[in-house]
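Here is query04.cif, consisting of mmCIF, C-alpha atoms:
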```cif
data_data
#
loop_
_atom_site.label_atom_id
_atom_site.label_comp_id
_atom_site.auth_asym_id
_atom_site.auth_seq_id
_atom_site.Cartn_x
_atom_site.Cartn_y
_atom_site.Cartn_z
CA MET A 178 64.02 75.09 123.90
CA PHE A 179 61.02 77.22 122.95
CA LYS A 180 60.18 77.81 126.62
CA ARG A 181 63.76 78.97 127.24
CA LYS A 182 63.70 81.39 124.28
CA LEU A 183 60.29 82.69 125.28
CA SER A 184 61.44 83.04 128.87
CA ASP A 185 64.51 84.92 127.62
CA LEU A 186 62.36 87.26 125.52
CA LEU A 187 59.96 88.00 128.36
CA ALA A 188 62.86 88.49 130.75
CA GLY A 189 64.40 90.92 128.25
CA LEU A 190 61.16 92.83 128.02
CA LEU A 191 60.94 92.77 131.79
CA MET A 192 64.43 94.15 132.14
CA ALA A 193 63.75 96.87 129.59
CA ARG A 194 60.52 97.81 131.35
CA ALA A 195 62.19 97.79 134.74
CA ALA A 196 65.05 99.89 133.45
CA MET A 197 62.64 102.44 132.00
CA SER A 198 60.40 102.94 134.97
CA GLY A 199 60.40 100.20 137.57
CA CYS A 200 57.11 98.65 138.54
CA ASN A 201 56.00 101.48 140.74
CA SER A 202 58.64 103.57 142.40
CA SER A 203 56.20 105.15 144.83
CA GLN A 204 55.39 101.77 146.34
CA THR A 205 58.85 100.25 146.36
CA SER A 206 60.16 102.59 149.01
CA SER A 207 57.45 101.63 151.47
CA GLY A 208 58.58 98.01 151.46
CA ASP A 209 55.04 96.76 151.91
CA GLY A 210 54.68 95.39 148.40
CA GLY A 211 52.04 97.94 147.63
CA THR A 212 48.40 97.20 147.14
CA SER A 213 46.09 98.27 144.44
CA SER A 214 42.66 99.68 145.02
CA GLU A 215 41.52 97.50 142.16
CA SER A 216 41.08 93.86 142.97
CA SER A 217 41.67 91.17 140.42
CA SER A 218 40.54 87.60 140.50
CA SER A 219 43.61 86.57 138.53
CA SER A 220 46.31 87.71 140.93
CA SER A 221 46.85 87.99 144.63
CA SER A 222 48.87 90.37 146.73
CA SER A 223 48.99 87.78 149.49
CA GLY A 224 51.21 85.55 147.40
CA THR A 225 49.03 82.52 148.07
CA GLU A 226 47.85 82.18 144.52
CA GLY A 227 48.75 83.39 141.09
CA GLY A 228 46.72 84.24 138.07
CA TYR A 229 47.22 83.01 134.58
CA ILE A 230 47.36 85.62 131.87
CA GLY A 231 47.05 84.54 128.29
CA SER A 232 45.89 81.52 126.43
CA GLY A 233 43.72 78.84 128.00
CA ASP A 234 45.00 76.42 125.35
CA PRO A 235 46.65 73.46 127.13
CA SER A 236 49.45 73.47 124.55
CA ALA A 237 50.42 77.06 125.43
CA THR A 238 53.84 77.55 127.00
CA THR A 239 53.44 78.45 130.67
CA LEU A 240 55.85 80.77 132.44
CA GLU A 241 56.02 81.56 136.15
CA HIS A 242 56.53 85.24 137.05
CA TRP A 243 56.98 86.81 140.49
CA ALA A 244 56.30 90.45 141.24
CA PHE A 245 55.89 92.62 144.32
CA THR A 246 53.18 94.96 143.09
CA GLU A 247 49.81 94.48 141.41
CA LEU A 248 50.74 97.03 138.72
CA CYS A 249 53.09 94.49 137.18
CA LYS A 250 50.12 92.25 136.38
CA THR A 251 48.68 94.99 134.18
CA PHE A 252 52.01 95.24 132.37
CA TYR A 253 52.05 91.50 131.71
CA ASP A 254 48.42 91.54 130.59
CA ASN A 255 49.46 94.00 127.90
CA MET A 256 52.68 92.16 126.99
CA VAL A 257 50.95 88.78 126.64
CA THR A 258 48.27 90.35 124.45
CA GLN A 259 50.99 91.91 122.29
CA TRP A 260 52.85 88.58 122.14
CA HIS A 261 49.72 86.78 120.91
CA THR A 262 49.10 89.49 118.31
CA ASP A 263 52.67 89.14 116.99
CA ASN A 264 52.89 85.34 117.45
CA PRO A 265 49.42 83.76 117.07
CA ASP A 266 50.95 80.34 116.48
CA ARG A 267 53.04 80.42 119.71
CA LEU A 268 50.60 80.81 122.59
CA ILE A 269 51.76 81.54 126.12
CA ARG A 270 50.37 81.76 129.63
CA VAL A 271 52.09 83.72 132.36
CA ASN A 272 51.30 82.82 135.95
CA VAL A 273 51.80 86.12 137.76
CA ASN A 274 52.32 85.70 141.50
CA VAL A 275 52.26 88.97 143.42
CA LEU A 276 54.02 88.56 146.75
CA PRO A 277 54.69 91.06 149.52
CA TYR A 278 57.85 93.07 148.80
CA ASP A 279 60.29 91.51 151.29
CA ASP A 280 58.76 88.05 151.00
CA MET A 281 59.23 87.98 147.24
CA HIS A 282 62.88 89.00 147.39
CA ASN A 283 63.63 86.61 150.28
CA LYS A 284 61.84 83.72 148.56
CA LEU A 285 63.76 84.42 145.35
CA GLN A 286 67.09 84.46 147.19
CA ILE A 287 66.28 81.11 148.81
CA ALA A 288 65.15 79.59 145.50
CA LEU A 289 68.29 80.75 143.69
CA ASN A 290 70.60 79.60 146.48
CA SER A 291 68.94 76.19 146.71
CA GLY A 292 68.75 75.74 142.94
CA THR A 293 65.06 74.91 143.01
CA GLY A 294 61.76 76.78 142.87
CA ALA A 295 62.84 79.98 141.10
CA PRO A 296 60.40 81.49 138.60
CA ASP A 297 61.09 81.86 134.89
CA THR A 298 60.98 85.66 135.22
CA VAL A 299 60.90 88.02 138.18
CA ASP A 300 60.67 91.72 139.01
CA ILE A 301 63.58 92.57 141.28
CA GLU A 302 63.35 96.00 142.84
CA VAL A 303 66.40 98.10 141.98
CA SER A 304 67.57 98.55 145.58
CA LYS A 305 67.55 94.75 146.03
CA PHE A 306 69.28 93.91 142.73
CA SER A 307 72.82 93.98 144.12
CA ASN A 308 71.84 91.20 146.55
CA PHE A 309 71.47 88.92 143.53
CA THR A 310 74.78 89.81 141.89
CA GLU A 311 77.13 88.81 144.71
CA GLY A 312 79.18 85.60 144.55
CA ASP A 313 77.99 82.98 142.08
CA VAL A 314 75.31 84.92 140.19
CA GLN A 315 72.23 82.77 139.56
CA LEU A 316 70.50 85.21 137.20
CA MET A 317 70.72 84.79 133.44
CA ASP A 318 72.78 87.34 131.50
CA MET A 319 70.22 89.27 129.45
CA THR A 320 72.64 91.62 127.67
CA SER A 321 72.08 90.22 124.17
CA TYR A 322 68.30 90.20 124.66
CA ALA A 323 68.20 93.77 125.94
CA GLU A 324 70.44 95.10 123.14
CA PRO A 325 67.60 95.73 120.61
CA TYR A 326 65.76 97.83 123.23
CA LYS A 327 68.67 99.95 124.47
CA GLU A 328 67.61 103.02 122.50
CA PHE A 329 64.29 103.02 124.38
CA VAL A 330 65.85 102.71 127.83
CA VAL A 331 67.21 105.43 130.05
CA GLN A 332 70.86 104.34 130.19
CA SER A 333 71.32 105.24 133.84
CA ARG A 334 68.42 102.89 134.71
CA LEU A 335 69.90 100.12 132.59
CA GLY A 336 73.17 100.47 134.47
CA LEU A 337 71.37 99.84 137.76
CA PHE A 338 70.34 96.40 136.49
CA SER A 339 73.79 95.49 135.18
CA HIS A 340 76.64 93.47 136.64
CA ASP A 341 80.26 93.49 135.40
#
```
Final structure tokens representation of the file:
Amino acid sequence: MFKRKLSDLLAGLLMARAAMSGCNSSQTSSGDGGTSSESSSSSSSSGTEGGYIGSGDPSATTLEHWAFTELCKTFYDNMVTQWHTDNPDRLIRVNVNVLPYDDMHNKLQIALNSGTGAPDTVDIEVSKFSNFTEGDVQLMDMTSYAEPYKEFVVQSRLGLFSHD
């Protein structure tokens, strides 16, 4: 139950962040997943390994997150730090897997269609979002979780990540 609520909160924060600015609009149009000039031992743009952000405590709740740009890892570094500041008794770890742009979206579509292997949270690029809202939508409705953040979000961006 706690993992679900935490996943919902992080997904809400993700949606609010994506609605405000996207991960990195200059890299999303290239379709190559973007690469950062900074390397990090805790994430990989090849998608072969992820990096845990957060508590090393074995009792910490672990969430799987997929992204298509290294810049998202920095965002989650900051969000996990903020979470631990606000919730020192509820530790989390986020396994951020950075995959190439098309690979991440294709892998997500396959995981959602098959009902297995999808991450707890994911960055979906705005131009790909409609692919995940056709037919039987497999994404969780985040409306109630995003509501407290609406005043901080550019409404036209929020509309891009909405369905019905």
Looking at all atoms listed in the file, which of A:Thr320, A:Asn283, A:Thr246, A:Ser236 is the one that sits closest to His340 of chain A?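 Of A:Thr320, A:Asn283, A:Thr246, A:Ser236, the one nearest His340 of chain A is A:Thr320, counting all atoms listed in the file.
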With the PyMOL selection byres ((chain A and resi 285) around 10) as the selection, what would be picked from this file? Answer as a list in words, please. Trp243, Asp279, Asp280, Met281, His282, Asn283, Lys284, Gln286, Ile287, Ala288, Leu289, Asn290, Ser291, Thr293, Gly294, Ala295, Pro296, Val299, Ile301 and Phe309 of chain A
Two-atom distance - atom CA of Thr238 of chain A, atom CA of Arg270 of chain A (Å):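 Atom-to-atom, atom CA of Thr238 of chain A to atom CA of Arg270 of chain A, that is 6.1 Å.
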What gap, in Å, lies between atom CA of Ile230 of chain A and atom CA of Tyr326 of chain A?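 These atoms are spaced 23.7 Å apart.
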The PyMOL selection byres ((chain A and resi 237) around 12) resolved against shown file, as a list in words: Phe179, Lys180, Leu183, Tyr229, Ile230, Gly231, Ser232, Gly233, Asp234, Pro235, Ser236, Thr238, Thr239, Leu240, Val257, His261, Asn264, Pro265, Asp266, Arg267, Leu268, Ile269, Arg270 and Val271 of chain A
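For the choices A:Ser339, A:Gln259, A:Thr298, A:Gln315, the atom-to-atom distance to Asn274 of chain A is smallest for A:Thr298 when using only C-alpha atoms.
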Figure out the distance between atom CA of Glu302 of chain A and atom CA of Leu276 of chain A, please, to one decimal in Å.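 Pair atom CA of Leu276 of chain A / atom CA of Glu302 of chain A returns 12.6 Å.
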For the structure shown, which residues end up in the PyMOL selection byres ((chain A and resi 249) around 9)? Put them as a PDB file with C-alpha atoms, keeping the file's coordinate frame, please?
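Everything below was put into result-v6.pdb:
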```pdb
ATOM      1  CA  CYS A 200      57.110  98.650 138.540  1.00  0.00           C
ATOM      2  CA  ASN A 201      56.000 101.480 140.740  1.00  0.00           C
ATOM      3  CA  ALA A 244      56.300  90.450 141.240  1.00  0.00           C
ATOM      4  CA  PHE A 245      55.890  92.620 144.320  1.00  0.00           C
ATOM      5  CA  THR A 246      53.180  94.960 143.090  1.00  0.00           C
ATOM      6  CA  GLU A 247      49.810  94.480 141.410  1.00  0.00           C
ATOM      7  CA  LEU A 248      50.740  97.030 138.720  1.00  0.00           C
ATOM      8  CA  LYS A 250      50.120  92.250 136.380  1.00  0.00           C
ATOM      9  CA  THR A 251      48.680  94.990 134.180  1.00  0.00           C
ATOM     10  CA  PHE A 252      52.010  95.240 132.370  1.00  0.00           C
ATOM     11  CA  TYR A 253      52.050  91.500 131.710  1.00  0.00           C
ATOM     12  CA  ASP A 254      48.420  91.540 130.590  1.00  0.00           C
ATOM     13  CA  VAL A 273      51.800  86.120 137.760  1.00  0.00           C
ATOM     14  CA  VAL A 275      52.260  88.970 143.420  1.00  0.00           C
ATOM     15  CA  ASP A 300      60.670  91.720 139.010  1.00  0.00           C
TER      16      ASP A 300
END
```
